[in-house]
Amino acid sequence: MAAFHSPSTASIGMVLLLLIGFSMAAFAYGNFYHNFDVVWGDGRAVIQEGGDLLTLSLDKTSGSGFQSKDEYLYGKIDMQLKLVPGNSAGTVTAYYVSLQLSSKGEAWDEIDFEFLGNLSGQPYILHTNVFCQGKGNREQQFYLWFDPTADFHTYSILWNPERIVFSVDGIPIREFKNLEFLGVPFPKNQKMRLYSTLWNADDWATRGGLVKTDWSQAPFKASYRNFNADGCVWSSGSSYCSSNKNAWFWEELNFAKKGQMKWVQNNYMVYNYCEDTKRFLQGLPTECTFADIL
């Protein structure tokens, strides 16, 4: 992997400290007891430290998962995750917003982070996808520029009427623009919850299913903390937005953020559906042609 070179490590470190201090002063993080429900796992999802920490675990019998109490129609969502360490091959830690699971028909919307485990010493693959009206096939995959099992890192979804932005530690890695005027569907009508699950997917997750889960390493555990959602909460048939709505509702990537995203995509992207001409024999999807121009 390519290393990131900066003119002044000390100055960047100071800026990061200032940004972290500002962020912590600007809002209080959520509490897992107040903001989430454990929905499956038979005791494998555990809320700890007075609601400040949640862990999911996976063994040969079952995985586990949780969902937000609130439903959102647009928002900016942050969560810190520390992924399964060691030999995590075959496991998937999913973190996504989607239509209520029991309500899914053929036309649901979904915005996905999925972390695909790997053998010890091999990098995780961060898999992203956007489903619109039940259709996905918009995968982009990345390596990370750090060890996501050694400490907590922040994974964010910005979803507003103009774009969806996936970010890692405040660095955008992917943007999916609203190109409805070109006939490209965009999630805008369905309220969605935040979900996270830890589950076994060794039929496809690691090297296309060639590497299976080593159950002697179980239980596998992923940890969560510092949830924050600044969004429009759906209640009684209407969407109610926070007083801070203007900070994100029309947010777009400035020149510096676009530069960061380009750096990630040039150095750490390992799959892009917009370059897979063998998969799309009839031509690449419309958004692949226009996204960088508009």
# chains A, B, ... in the order shown; residues from 1 in each chain; ligands from 1
$ select_by_dssp --residues "stretch 169-292 of chain A" --states "alpha helix (DSSP H)" --output "NGL selection string"
:A and (255-268 or 286-290)
$ residues_around --residues "stretch 216-220 of chain A" --least-positions-apart "4" --cutoff "7 Å" --atoms "only C-alpha atoms" --output "list in words"
Ser57, Leu58, Asp59 and Val84 of chain A
$ closest_atom_pairs --of "stretch 115-234 of chain A" --to "stretch 258-279 of chain A" --cutoff "10 Å" --atoms "only C-alpha atoms" --output "JSON lines"
{"residue": "A:Ile125", "atom": "CA", "partner": "A:Val270", "partner_atom": "CA", "distance": 8.4}
{"residue": "A:Leu126", "atom": "CA", "partner": "A:Met269", "partner_atom": "CA", "distance": 9.2}
{"residue": "A:His127", "atom": "CA", "partner": "A:Tyr271", "partner_atom": "CA", "distance": 8.9}
{"residue": "A:Thr128", "atom": "CA", "partner": "A:Asn272", "partner_atom": "CA", "distance": 9.9}
{"residue": "A:Asn129", "atom": "CA", "partner": "A:Tyr273", "partner_atom": "CA", "distance": 9.9}
{"residue": "A:Asn137", "atom": "CA", "partner": "A:Tyr273", "partner_atom": "CA", "distance": 7.5}
{"residue": "A:Arg138", "atom": "CA", "partner": "A:Tyr273", "partner_atom": "CA", "distance": 5.9}
{"residue": "A:Glu139", "atom": "CA", "partner": "A:Tyr273", "partner_atom": "CA", "distance": 5.6}
{"residue": "A:Gln140", "atom": "CA", "partner": "A:Asn272", "partner_atom": "CA", "distance": 4.6}
{"residue": "A:Gln141", "atom": "CA", "partner": "A:Tyr271", "partner_atom": "CA", "distance": 4.9}
{"residue": "A:Phe142", "atom": "CA", "partner": "A:Met269", "partner_atom": "CA", "distance": 4.3}
{"residue": "A:Tyr143", "atom": "CA", "partner": "A:Tyr268", "partner_atom": "CA", "distance": 5.2}
{"residue": "A:Leu144", "atom": "CA", "partner": "A:Tyr268", "partner_atom": "CA", "distance": 6.7}
{"residue": "A:Trp145", "atom": "CA", "partner": "A:Tyr268", "partner_atom": "CA", "distance": 7.5}
{"residue": "A:Phe166", "atom": "CA", "partner": "A:Met261", "partner_atom": "CA", "distance": 9.8}
{"residue": "A:Ser167", "atom": "CA", "partner": "A:Met261", "partner_atom": "CA", "distance": 8.8}
{"residue": "A:Gly170", "atom": "CA", "partner": "A:Gln260", "partner_atom": "CA", "distance": 9.8}
{"residue": "A:Ile171", "atom": "CA", "partner": "A:Gln260", "partner_atom": "CA", "distance": 6.3}
{"residue": "A:Pro172", "atom": "CA", "partner": "A:Met261", "partner_atom": "CA", "distance": 5.1}
{"residue": "A:Ile173", "atom": "CA", "partner": "A:Met261", "partner_atom": "CA", "distance": 4.9}
{"residue": "A:Arg174", "atom": "CA", "partner": "A:Met261", "partner_atom": "CA", "distance": 6.7}
{"residue": "A:Glu175", "atom": "CA", "partner": "A:Met261", "partner_atom": "CA", "distance": 8.6}
$ write_last_selection --atoms "N, CA, C and O atoms" --output "JSON list (two decimals), in the first residue's frame"
[["chain", "number", "residue", "atom", "x", "y", "z"],
["A", 125, "ILE", "N", -11.36, -6.04, 3.91],
["A", 125, "ILE", "CA", -11.90, -5.31, 2.77],
["A", 125, "ILE", "C", -13.16, -4.59, 3.23],
["A", 125, "ILE", "O", -14.06, -5.19, 3.82],
["A", 126, "LEU", "N", -13.18, -3.29, 3.01],
["A", 126, "LEU", "CA", -14.36, -2.48, 3.29],
["A", 126, "LEU", "C", -15.21, -2.44, 2.02],
["A", 126, "LEU", "O", -14.80, -1.89, 1.00],
["A", 127, "HIS", "N", -16.38, -3.04, 2.10],
["A", 127, "HIS", "CA", -17.29, -3.19, 0.97],
["A", 127, "HIS", "C", -18.42, -2.18, 1.14],
["A", 127, "HIS", "O", -19.05, -2.11, 2.19],
["A", 128, "THR", "N", -18.66, -1.35, 0.11],
["A", 128, "THR", "CA", -19.76, -0.38, 0.16],
["A", 128, "THR", "C", -20.72, -0.66, -0.99],
["A", 128, "THR", "O", -20.33, -1.15, -2.05],
["A", 129, "ASN", "N", -21.99, -0.33, -0.75],
["A", 129, "ASN", "CA", -23.00, -0.53, -1.79],
["A", 129, "ASN", "C", -24.16, 0.42, -1.53],
["A", 129, "ASN", "O", -24.39, 0.85, -0.39],
["A", 137, "ASN", "N", -25.89, -3.69, -6.88],
["A", 137, "ASN", "CA", -24.88, -3.82, -7.94],
["A", 137, "ASN", "C", -24.05, -2.56, -8.12],
["A", 137, "ASN", "O", -23.59, -2.25, -9.21],
["A", 138, "ARG", "N", -23.88, -1.81, -7.02],
["A", 138, "ARG", "CA", -23.09, -0.58, -7.07],
["A", 138, "ARG", "C", -21.92, -0.67, -6.08],
["A", 138, "ARG", "O", -21.66, 0.23, -5.30],
["A", 139, "GLU", "N", -21.22, -1.78, -6.12],
["A", 139, "GLU", "CA", -20.19, -2.06, -5.13],
["A", 139, "GLU", "C", -18.89, -1.31, -5.41],
["A", 139, "GLU", "O", -18.43, -1.25, -6.55],
["A", 140, "GLN", "N", -18.33, -0.74, -4.37],
["A", 140, "GLN", "CA", -16.95, -0.27, -4.37],
["A", 140, "GLN", "C", -16.29, -0.83, -3.12],
["A", 140, "GLN", "O", -16.90, -0.82, -2.04],
["A", 141, "GLN", "N", -15.06, -1.33, -3.28],
["A", 141, "GLN", "CA", -14.36, -1.96, -2.17],
["A", 141, "GLN", "C", -13.00, -1.30, -1.96],
["A", 141, "GLN", "O", -12.35, -0.87, -2.92],
["A", 142, "PHE", "N", -12.59, -1.29, -0.68],
["A", 142, "PHE", "CA", -11.37, -0.59, -0.31],
["A", 142, "PHE", "C", -10.59, -1.39, 0.72],
["A", 142, "PHE", "O", -11.18, -2.09, 1.57],
["A", 143, "TYR", "N", -9.27, -1.28, 0.70],
["A", 143, "TYR", "CA", -8.46, -1.56, 1.86],
["A", 143, "TYR", "C", -8.45, -0.31, 2.73],
["A", 143, "TYR", "O", -8.72, 0.80, 2.25],
["A", 144, "LEU", "N", -8.13, -0.49, 3.99],
["A", 144, "LEU", "CA", -7.99, 0.64, 4.90],
["A", 144, "LEU", "C", -6.51, 0.95, 5.11],
["A", 144, "LEU", "O", -5.65, 0.08, 4.95],
["A", 145, "TRP", "N", -6.20, 2.18, 5.47],
["A", 145, "TRP", "CA", -4.83, 2.63, 5.64],
["A", 145, "TRP", "C", -4.36, 2.52, 7.09],
["A", 145, "TRP", "O", -3.39, 3.14, 7.50],
["A", 166, "PHE", "N", -19.78, 8.24, 1.92],
["A", 166, "PHE", "CA", -19.21, 7.30, 2.89],
["A", 166, "PHE", "C", -17.87, 7.90, 3.35],
["A", 166, "PHE", "O", -17.04, 8.26, 2.52],
["A", 167, "SER", "N", -17.65, 7.97, 4.67],
["A", 167, "SER", "CA", -16.41, 8.53, 5.19],
["A", 167, "SER", "C", -15.82, 7.62, 6.27],
["A", 167, "SER", "O", -16.56, 6.91, 6.98],
["A", 170, "GLY", "N", -13.56, 10.80, 9.08],
["A", 170, "GLY", "CA", -13.74, 12.12, 8.48],
["A", 170, "GLY", "C", -13.21, 12.27, 7.08],
["A", 170, "GLY", "O", -13.36, 13.33, 6.48],
["A", 171, "ILE", "N", -12.62, 11.22, 6.52],
["A", 171, "ILE", "CA", -12.08, 11.26, 5.17],
["A", 171, "ILE", "C", -13.08, 10.58, 4.22],
["A", 171, "ILE", "O", -13.39, 9.40, 4.38],
["A", 172, "PRO", "N", -13.64, 11.30, 3.26],
["A", 172, "PRO", "CA", -14.60, 10.68, 2.33],
["A", 172, "PRO", "C", -13.91, 9.66, 1.44],
["A", 172, "PRO", "O", -12.81, 9.91, 0.93],
["A", 173, "ILE", "N", -14.54, 8.52, 1.29],
["A", 173, "ILE", "CA", -13.99, 7.48, 0.41],
["A", 173, "ILE", "C", -14.86, 7.24, -0.82],
["A", 173, "ILE", "O", -14.39, 6.72, -1.83],
["A", 174, "ARG", "N", -16.13, 7.67, -0.72],
["A", 174, "ARG", "CA", -17.05, 7.42, -1.84],
["A", 174, "ARG", "C", -18.19, 8.42, -1.80],
["A", 174, "ARG", "O", -18.69, 8.77, -0.74],
["A", 175, "GLU", "N", -18.61, 8.86, -2.99],
["A", 175, "GLU", "CA", -19.77, 9.74, -3.12],
["A", 175, "GLU", "C", -20.70, 9.16, -4.18],
["A", 175, "GLU", "O", -20.26, 8.80, -5.27]]
$ atom_distance --atom1 "atom CA of A:Asp78" --atom2 "atom CA of A:Phe176"
17.7 Å
$ residues_around --residues "stretch 67-71 of chain A" --least-positions-apart "3" --cutoff "10 Å" --atoms "only C-alpha atoms" --output "count of residues only"
31
$ select_by_dssp --residues "stretch 99-292 of chain A" --states "strand (DSSP E)" --output "ChimeraX atom specification"
/A:110-116,125-131,140-142,153-159,163-168,171-177,193-200,220-235,238-241,269-272
